[in-house]
Every structure is written in C-alpha cells, then in structure tokens.
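Please read the structure below before turning to the comments.
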Amino acid sequence: MQTSHGHLVFAVAVFNLREARGWSQQDLADKLNELAAEHGTNVFVSANTVSRWERGVIKRPQPLVRQLLAELFQVSLAALGLTRERIDPALHDPEQTDRRAIPVAHLEPSTLERSPATVHDEVHENQQRWRAIRRALNDHRIELSDIGAQLHHAALRVEGTTLLSCREWLPRSPVELSAVALRWLDTPYAPQLAGHERQTVGVRPPGRDGRPYQRYSQAIRDVDPPRLFENRVSYRLQNVAWNAGGSGTLTFGPTTYFEAVDVCEALAHELAAAHLQFTPTGTSVGAPSWKQLPFRKLIGDPFDPVRRPLLPSISTLTIRKGRSSASFVVHSRDATQVAVCRGMFHVMPSGVFQPSSMSRAACSHDFDLWRNMMREYSEEFLGNLEHDGNLGTLVDYEGTEPLRSLNQAREEGSIRVSCLGVGLDPLTLWGEILTVAVIEADVFDDIFRDLVATNSEGTVVTASKRAGAVPGIPFTEERVDQLLTSQPMAPAAAGSLALAWRHRSTLLD
C-alpha cells in the first residue's frame with residue numbers, strides 16, 4: 001500500500017518546526033531571505049508564501065528554497081517530506097483554502113478603530129471567557145455528552161450509553177481484527193467543512209490583533225495549551241463496511257490531527273457555550289436545545305465521513321483472562337495533560353490512529369490497527385516514550401520490546417483482538433474504532449510486569465492497592481454496571497465496555 005501524504009508531510013513539518021521556535025510566518029520568511037542573501041542567491045520568500053506552504057497550496061517549493069529550509073531548521077529533506085515528487089491527494093482545494101481567511105465583515109465593526117490598549121483589554125477579556133468555557137466544558141463533559149446524544153436522537157446509542165453509532169457501523173458480533181481489511185484512497189473526497197466557516201467565528205477567540213483565530217487548534221495552542229498537543233499526519237476515516245460473514249473493511253485517506261481538532265473541538269465548544277450557565281455559586285448545564293448551534297447544524301449527517309475530516313481514535317478494552325475470572329484496566333485521564341476526554345475514565349490503551357512519524361515511509365509502514373495499538377500499549381502500560389520512526393528509521397515491530405512479545409503472543413493465540421464497531425463521541429463527533437484485546441493472564445503478567453501506576457496522560461485505576469493483587473478491575477456484572485452507571489466514563493469507553501459485556505461469552509470463550 002502506497003500512501004500519498006507528501007504535501008501534508010511538508011505542510012505539517014514546516015508548521016511544527018516554525019511553531020517550535022516561536023516564529024511567525026513573517027519571521028520564517030525573513031530568516032530564509034537573510035540566509036539566501038548570505039549565500040548570494042536571488043531568492044525572496046514572503047509571509048504569504050509560508051502561509052501557502054502550511055495550507056498545502058504550494059506543495060513543493062523550488063529546489064533552492066528546499067535546501068534553505070533544511071539548512072535553516074537543521075533537518076534533512078526527508079524530515080521535510082521533500083525527498084521525491086509527490087502525488088497530489090486532492091485534499092486541499094486552493095480556492096476553498098483561500099476562502100478560509102476571516103473576512104473583515106466578521107470582525108466587530110469598530111475593531112480596527114480602537115486604540116491598541118483597548119483592543120488588548122478586550123482581547124484579554126474575550127480570551128478569558130473562552131478559556132473559562134473550555135475548562136467548564138471539561139468539568140461538565142459527562143452532562144454535555146449526554147446533551148449531545150439527545151440532540152442526535154436519530155442516531156443509535158451504543159448499548160444505552162452516550163456513544164453514537166449507526167447500523168452500518170456496528171457488526172452483529174465481534175470481528176477478529178485480522179478479518180478487518182484496511183483500504184487506502186490516495187485521492188479521497190475533499191472535506192466540505194474544515195472549521196473555518198463563518199458559523200464557527202463565535203467559538204474562535206480573538207488573537208492579539210483583535211481578529212478571531214483562523215483555527216480552533218491555534219487558539220488551544222496559544223490560549224489554553226495542554227502539555228500534549230502536537231500536529232501529526234493522520235489517517236482519515238472515509239467509509240465503514242461490515243459483511244455478514246464476520247469481516248469488514250475500513251477505508252481511509254490522509255488528514256492531520258489539527259484538521260480534525262478544528263472541527264471536533266469547535267463543535268464541543270459551541271455546544272458548551274450554548275448550554276453552560278455561569279452563576280456566582282457555580283456552573284450548571286441547561287436543557288438540550290439546537291439554538292445557538294449553527295456549526296453543528298451545518299455538519300448535517302454526523303455519519304457522513306466525506307463532509308468533514310473524520311479522524312478516529314482506537315479505543316481498546318484490555319481484558320486479562322485468568323482460569324476462573326477476568327479483569328480489565330481503566331485509565332483516569334489527567335485534565336491538565338490531554339486535550340480531549342479530560343477528567344474522565346477511559347479504556348487502555350486509547351490513541352489517535354496515525355503513523356509513528358511524519359516520514360512518507362512511516363505513513364505506509366504504520367497503516368495497521370494492531371501496530372497502532374502496540375505502540376499505545378508500550379506507551380500507556382509501560383511508560384515508554386512513543387516509538388517514533390524518525391528520519392526514515394521505521395519502528396521495528398518484530399524486534400523491539402514489548403512489540404515483539406505482543407506480536408508473538410498474538411500469533412500464538414494468547415492475545416486475541418476483536419473489533420466491536422465504530423462510533424462517534426456525541427460532544428465532539430470524533431471517530432472511535434472500538435476494539436477489545438483478551439490476554440491470557442500469564443502473558444499479561446509477563447509483558448506488563450512493569451505496569452505503571454501513572455503515565456503521561458493520567459492514572460491507571462485498579463480495584464485493589466494490595467501487593468500481589470490481580471491488576472485491573474474485575475470483569476463482573478457488578479463492577480461493569482458500577483462503572484457504566486455511577487462513574488465519569490468517556491463515551492467510547494462506556495460503549496466498548498458495554499459491548500464487551502454483551503459479547504463476553506464469545507470474547508472469553
């Protein structure tokens with residue numbers, strides 16, 4: 001399978017390298033022009049040119065500029081995604097991209113006439129209000145998710161949870177992961193919505209100049225940054241198809257993490273702003289209403305993956321199977337560390353479906369659900385740094401621990417992985433690929449003997465703190481019901497756990 005992520009690799013690489021240095025687009029243009037002058041070359045780069053690189057309008061700069069970029073950032077051409085000609089996956093329509101700029105008509109009429117001090121004060125006040133809504137959003141994510149589920153009343157609620165799905169996205173029974181084929185579209189349908197539409201102006205706070213941020217992800221980065229927030233080339237879900245014979249096909253194309261955030265987190269913020277009520281004694285949540293939700297209305301059918309960039313996470317319920325009992329692991333996500341599902345219980349592991357690095361080779365090498373899950377197991381269960389395939393060095397899934405042991409155990413049948421279907425988070429409409437891994441107790445205890453108590457995203461929840469206690473929470477009706485009814489479970493976690501309990505006989509057989 002060959003993936004055409006080329007122009008996205010370059011766009012994301014330039015954006016990340018520039019942002020890491022704290023440079024504006026004009027700063028980068030100036031530094032490139034200065035470097036060109038030092039070399040005695042006749043090159044001129046403008047801030048608009050840099051903007052066109054980062055938006056994917058210019059997909060490959062001229063050779064001399066490529067060399068200047070590599071020299072300025074002290075990286076290889078491969079790290080910039082510029083090692084060979086790229087196939088245009090038609091992800092970006094230049095005309096549509098140019099229209100994403102916020103027109104002056106969307107600014108408050110007197111913005112350009114105010115004094116700098118007045119603009120600064122109003123920007124600060126509006127950003128404070130935006131930050132307060134975002135933080136209250138995470139404090140009330142459970143209630144707001146329930147409102148989102150009620151608003152989309154025509155959708156199926158997976159096993160009575162707030163996780164949304166549709167009949168076409170849920171197989172009748174768990175599907176062995178090896179029977180789930182992944183199909184790649186080099187030229188996917190361009191998303192019709194990108195989060196820059198006029199309907200989102202109200203959820204994008206003003207920047208220093210008083211103009212609304214053009215991207216919600218930029219506002220998160222500047223106004224309320226979590227510790228873990230990086231743009232990455234990712235896999236965009238395009239279609240879901242399950243067969244009666246116990247197999248299925250998931251179709252993907254290229255996107256980026258921030259492209260999904262720009263839509264999904266904007267949807268969540270809009271719903272929170274419309275339903276949160278701030279009083280001197282605290283914050284409450286109002287009754288479900290479609291009023292003041294212009295962007296959510298614009299989305300239309302939430303299960304149409306062509307209309308917007310639908311980037312899924314892979315949420316895996318991990319079950320440790322003993323001779324006479326079973327247990328599972330739950331993760332409490334730290335509200336200060338992560339951008340989504342903050343302050344909620346989630347299954348482990350859970351991570352965005354994306355390659356290990358931005359290299360072209362990694363985009364193809366890592367296009368595999370199980371490989372993505374293994375990297376997340378290593379990081380979340382054992383606290384290892386992410387397995388990055390840097391500068392063309394691909395992740396060695398066969399020789400690196402714990403990936404080698406996980407692969408071997410699955411080949412031997414002591415790890416069985418199934419897909420339970422695909423759903424949507426009701427608040428953000430983020431995609432969720434639901435999987436469950438049943439691991440024999442001795443294999444679990446061997447591979448995860450150094451199971452961490454905390455990791456970079458939160459705390460591992462167990463039923464007992466006693467030394468030598470069985471890891472995890474007992475997979476019993478009482479404990480499952482307790483989590484589903486009285487604990488702040490992320491919708492994907494609740495849906496995965498409820499489906500796994502329903503199909504427990506098949507999964508634990």
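Just so we're on the same page: first chain in the structure tokens is A, next is B, and so on; residues restart at 1 for each chain, and ligands are numbered from 1 in the order they show up.
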Go through range 206-385 of chain A and collect every residue that DSSP, computed from the backbone, puts in helix (DSSP H, G or I); the answer should be as an MDAnalysis selection string.
chainID A and resid 216:223 257:275 294:299 360:365 369:382
Written selection (N, CA and C atoms) as a compact mmCIF listing (two decimals), in the first residue's frame:
```
# COMPACT_ATOMS: atom_id res chain seq x y z
N TYR A 216 -9.27 26.69 15.37
CA TYR A 216 -9.50 26.41 16.78
C TYR A 216 -8.26 25.81 17.43
N SER A 217 -7.52 25.00 16.68
CA SER A 217 -6.30 24.40 17.22
C SER A 217 -5.26 25.46 17.57
N GLN A 218 -5.20 26.55 16.80
CA GLN A 218 -4.28 27.63 17.13
C GLN A 218 -4.68 28.30 18.43
N ALA A 219 -5.98 28.44 18.65
CA ALA A 219 -6.46 29.03 19.90
C ALA A 219 -6.10 28.15 21.09
N ILE A 220 -6.27 26.83 20.96
CA ILE A 220 -5.88 25.92 22.04
C ILE A 220 -4.40 26.08 22.35
N ARG A 221 -3.59 26.10 21.32
CA ARG A 221 -2.14 26.19 21.48
C ARG A 221 -1.72 27.46 22.21
N ASP A 222 -2.39 28.59 21.91
CA ASP A 222 -1.98 29.88 22.46
C ASP A 222 -2.70 30.25 23.75
N VAL A 223 -3.98 29.91 23.85
CA VAL A 223 -4.81 30.42 24.95
C VAL A 223 -4.97 29.42 26.08
N TYR A 257 -3.93 15.85 12.44
CA TYR A 257 -4.59 15.90 13.74
C TYR A 257 -5.29 17.23 13.95
N PHE A 258 -4.64 18.33 13.60
CA PHE A 258 -5.24 19.64 13.83
C PHE A 258 -6.45 19.88 12.94
N GLU A 259 -6.48 19.29 11.75
CA GLU A 259 -7.66 19.42 10.89
C GLU A 259 -8.88 18.84 11.58
N ALA A 260 -8.71 17.72 12.26
CA ALA A 260 -9.83 17.12 13.00
C ALA A 260 -10.19 17.95 14.23
N VAL A 261 -9.18 18.43 14.95
CA VAL A 261 -9.43 19.26 16.13
C VAL A 261 -10.21 20.52 15.77
N ASP A 262 -9.86 21.13 14.63
CA ASP A 262 -10.52 22.36 14.23
C ASP A 262 -12.03 22.20 14.10
N VAL A 263 -12.47 21.02 13.72
CA VAL A 263 -13.90 20.75 13.60
C VAL A 263 -14.47 20.22 14.91
N CYS A 264 -13.84 19.19 15.46
CA CYS A 264 -14.43 18.48 16.60
C CYS A 264 -14.45 19.31 17.88
N GLU A 265 -13.35 19.95 18.21
CA GLU A 265 -13.33 20.74 19.43
C GLU A 265 -14.15 22.02 19.28
N ALA A 266 -14.26 22.54 18.06
CA ALA A 266 -15.14 23.68 17.83
C ALA A 266 -16.59 23.29 18.09
N LEU A 267 -16.98 22.08 17.67
CA LEU A 267 -18.33 21.59 17.94
C LEU A 267 -18.59 21.48 19.44
N ALA A 268 -17.61 20.97 20.17
CA ALA A 268 -17.76 20.82 21.62
C ALA A 268 -17.88 22.19 22.29
N HIS A 269 -17.04 23.12 21.88
CA HIS A 269 -17.06 24.46 22.48
C HIS A 269 -18.40 25.15 22.21
N GLU A 270 -18.88 25.02 21.00
CA GLU A 270 -20.16 25.64 20.64
C GLU A 270 -21.28 25.09 21.51
N LEU A 271 -21.33 23.78 21.69
CA LEU A 271 -22.39 23.18 22.49
C LEU A 271 -22.28 23.62 23.95
N ALA A 272 -21.03 23.70 24.45
CA ALA A 272 -20.83 24.13 25.83
C ALA A 272 -21.25 25.59 26.02
N ALA A 273 -20.86 26.46 25.09
CA ALA A 273 -21.22 27.87 25.21
C ALA A 273 -22.72 28.07 25.21
N ALA A 274 -23.44 27.22 24.48
CA ALA A 274 -24.89 27.35 24.39
C ALA A 274 -25.61 26.77 25.59
N HIS A 275 -24.99 25.86 26.32
CA HIS A 275 -25.70 25.14 27.38
C HIS A 275 -25.16 25.38 28.79
N PRO A 294 -25.06 26.83 15.27
CA PRO A 294 -25.03 26.92 13.80
C PRO A 294 -24.04 25.96 13.16
N PHE A 295 -22.91 25.72 13.82
CA PHE A 295 -21.91 24.84 13.20
C PHE A 295 -22.36 23.39 13.25
N ARG A 296 -22.94 22.97 14.36
CA ARG A 296 -23.43 21.59 14.47
C ARG A 296 -24.54 21.36 13.45
N LYS A 297 -25.39 22.36 13.25
CA LYS A 297 -26.44 22.24 12.23
C LYS A 297 -25.81 22.11 10.84
N LEU A 298 -24.72 22.85 10.62
CA LEU A 298 -24.06 22.82 9.32
C LEU A 298 -23.46 21.45 9.03
N ILE A 299 -23.05 20.74 10.06
CA ILE A 299 -22.46 19.40 9.89
C ILE A 299 -23.42 18.46 9.20
N ARG A 360 7.34 9.73 4.92
CA ARG A 360 6.50 9.06 3.92
C ARG A 360 6.47 7.54 4.16
N ALA A 361 7.63 6.98 4.48
CA ALA A 361 7.70 5.53 4.68
C ALA A 361 6.87 5.10 5.88
N ALA A 362 6.90 5.90 6.96
CA ALA A 362 6.13 5.54 8.16
C ALA A 362 4.63 5.57 7.89
N CYS A 363 4.18 6.48 7.05
CA CYS A 363 2.75 6.57 6.74
C CYS A 363 2.23 5.27 6.16
N SER A 364 3.06 4.59 5.38
CA SER A 364 2.68 3.30 4.81
C SER A 364 2.94 2.15 5.78
N HIS A 365 4.12 2.18 6.41
CA HIS A 365 4.55 1.12 7.31
C HIS A 365 3.61 0.96 8.51
N LEU A 369 -4.02 -1.29 12.23
CA LEU A 369 -4.64 -1.05 13.52
C LEU A 369 -3.84 -1.66 14.66
N TRP A 370 -3.38 -2.90 14.48
CA TRP A 370 -2.66 -3.59 15.55
C TRP A 370 -1.34 -2.90 15.86
N ARG A 371 -0.64 -2.42 14.84
CA ARG A 371 0.62 -1.73 15.09
C ARG A 371 0.39 -0.45 15.88
N ASN A 372 -0.67 0.26 15.57
CA ASN A 372 -1.00 1.46 16.33
C ASN A 372 -1.30 1.09 17.78
N MET A 373 -2.04 0.02 17.98
CA MET A 373 -2.38 -0.42 19.33
C MET A 373 -1.14 -0.84 20.11
N MET A 374 -0.20 -1.53 19.46
CA MET A 374 1.01 -1.95 20.16
C MET A 374 1.83 -0.77 20.64
N ARG A 375 1.94 0.26 19.81
CA ARG A 375 2.69 1.45 20.24
C ARG A 375 2.02 2.08 21.46
N GLU A 376 0.68 2.10 21.45
CA GLU A 376 -0.03 2.67 22.59
C GLU A 376 0.12 1.80 23.84
N TYR A 377 0.14 0.47 23.68
CA TYR A 377 0.39 -0.41 24.83
C TYR A 377 1.75 -0.09 25.46
N SER A 378 2.75 0.06 24.62
CA SER A 378 4.09 0.34 25.12
C SER A 378 4.13 1.65 25.89
N GLU A 379 3.45 2.65 25.36
CA GLU A 379 3.48 3.97 25.99
C GLU A 379 2.61 4.02 27.24
N GLU A 380 1.35 3.59 27.14
CA GLU A 380 0.42 3.77 28.25
C GLU A 380 0.60 2.74 29.37
N PHE A 381 0.90 1.50 29.02
CA PHE A 381 1.04 0.46 30.04
C PHE A 381 2.43 0.46 30.68
N LEU A 382 3.45 0.77 29.91
CA LEU A 382 4.82 0.64 30.41
C LEU A 382 5.55 1.98 30.52
```
Can I get the residues of range 273-320 of chain A within 10 Å of range 470-481 of chain A, each with the closest pair of atoms and their distance in Å to one decimal, using only C-alpha atoms, sorted chain first then ascending number, as a Markdown table?
```
| residue | atom | partner | partner_atom | distance |
| --- | --- | --- | --- | --- |
| A:Thr318 | CA | A:Gly472 | CA | 9.4 |
| A:Ile319 | CA | A:Phe475 | CA | 7.9 |
| A:Arg320 | CA | A:Gly472 | CA | 8.1 |
```
Got a sec: who's within 9 Å of range 64-80 of chain A, counting only C-alpha atoms, leaving out chain neighbours fewer than 6 positions off, as a ChimeraX atom specification?
/A:9-14,17-18,31-32,35-36,41,43,45,358-360,390-392
Polymer residues at most 8 Å from Ile447 in chain A, only C-alpha atoms, same-chain spacing of 3 or more positions, as a PyMOL selection string
chain A and resi 402+405-406+443-444+450
So that I can see what lies close to range 25-30 of chain A, please list as a PyMOL selection string the residues with an atom at most 9 Å from it, counting only C-alpha atoms and leaving out residues fewer than 5 positions away in the same chain.
chain A and resi 18+35+44-51
Using Å and a single decimal, report how far CA of Val461 in chain A sits from CA of Glu143 in chain A.
22.3 Å
Taking 3 positions as the minimum chain separation for residues in the same chain, which residues sit within 7 Å of Leu311 in chain A when counting only C-alpha atoms? Answer as a ChimeraX atom specification.
/A:235-237,260,430-431
Could you save the residues just selected, with C-alpha atoms, as an mmCIF file, in the first residue's frame?
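File written: out_23.cif
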```
data_model
loop_
_atom_site.group_PDB
_atom_site.id
_atom_site.type_symbol
_atom_site.label_atom_id
_atom_site.label_comp_id
_atom_site.auth_asym_id
_atom_site.auth_seq_id
_atom_site.Cartn_x
_atom_site.Cartn_y
_atom_site.Cartn_z
ATOM 1 C CA TYR A 235 -5.461 8.602 8.859
ATOM 2 C CA ARG A 236 -8.869 9.998 7.923
ATOM 3 C CA LEU A 237 -11.807 7.570 8.018
ATOM 4 C CA ALA A 260 -9.831 17.124 12.998
ATOM 5 C CA TRP A 430 -14.780 12.439 16.979
ATOM 6 C CA GLY A 431 -14.479 8.967 15.477
#
```
Measuring atom to atom with only C-alpha atoms, identify which of A:Ser357, A:Gln62, A:Thr162, A:Thr435 is nearest to Cys419 in chain A.
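Once distances to Cys419 in chain A are computed over only C-alpha atoms, the minimum belongs to A:Thr435.
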In Å, rounded to a single decimal, give me how far CA of Ser145 in chain A is from CA of Gly495 in chain A.
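We find that CA of Gly495 in chain A and CA of Ser145 in chain A lie 13.0 Å from each other.
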In Å, with one decimal, what is the gap from CA of Ala453 in chain A to CA of Val438 in chain A?
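We find that CA of Ala453 in chain A and CA of Val438 in chain A lie 20.9 Å from each other.
Nearest to Glu159 in chain A of all the residues A:Gln277, A:Thr506, A:Ser496, A:Thr459 is A:Ser496, based on only C-alpha atoms.
With only C-alpha atoms as the atoms that count, the residue of A:Gly421, A:Gly458, A:Pro254, A:Pro205 with the shortest distance to Trp184 in chain A is A:Pro254.
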Surrounding residues of Gly413 in chain A excluding itself and chain neighbours under 3 positions, 12 Å, only C-alpha atoms, as a PyMOL selection string
chain A and resi 176+406-410+416-417+437-440+443
Taking only range 88-337 of chain A into account, list the residues labelled strand (DSSP E) by DSSP (computed from the backbone), as a VMD selection string.
chain A and resid 156 to 157 164 to 165 175 to 176 180 to 184 233 to 243 247 to 256 276 to 279 282 to 285 312 to 321 326 to 328 330 to 333
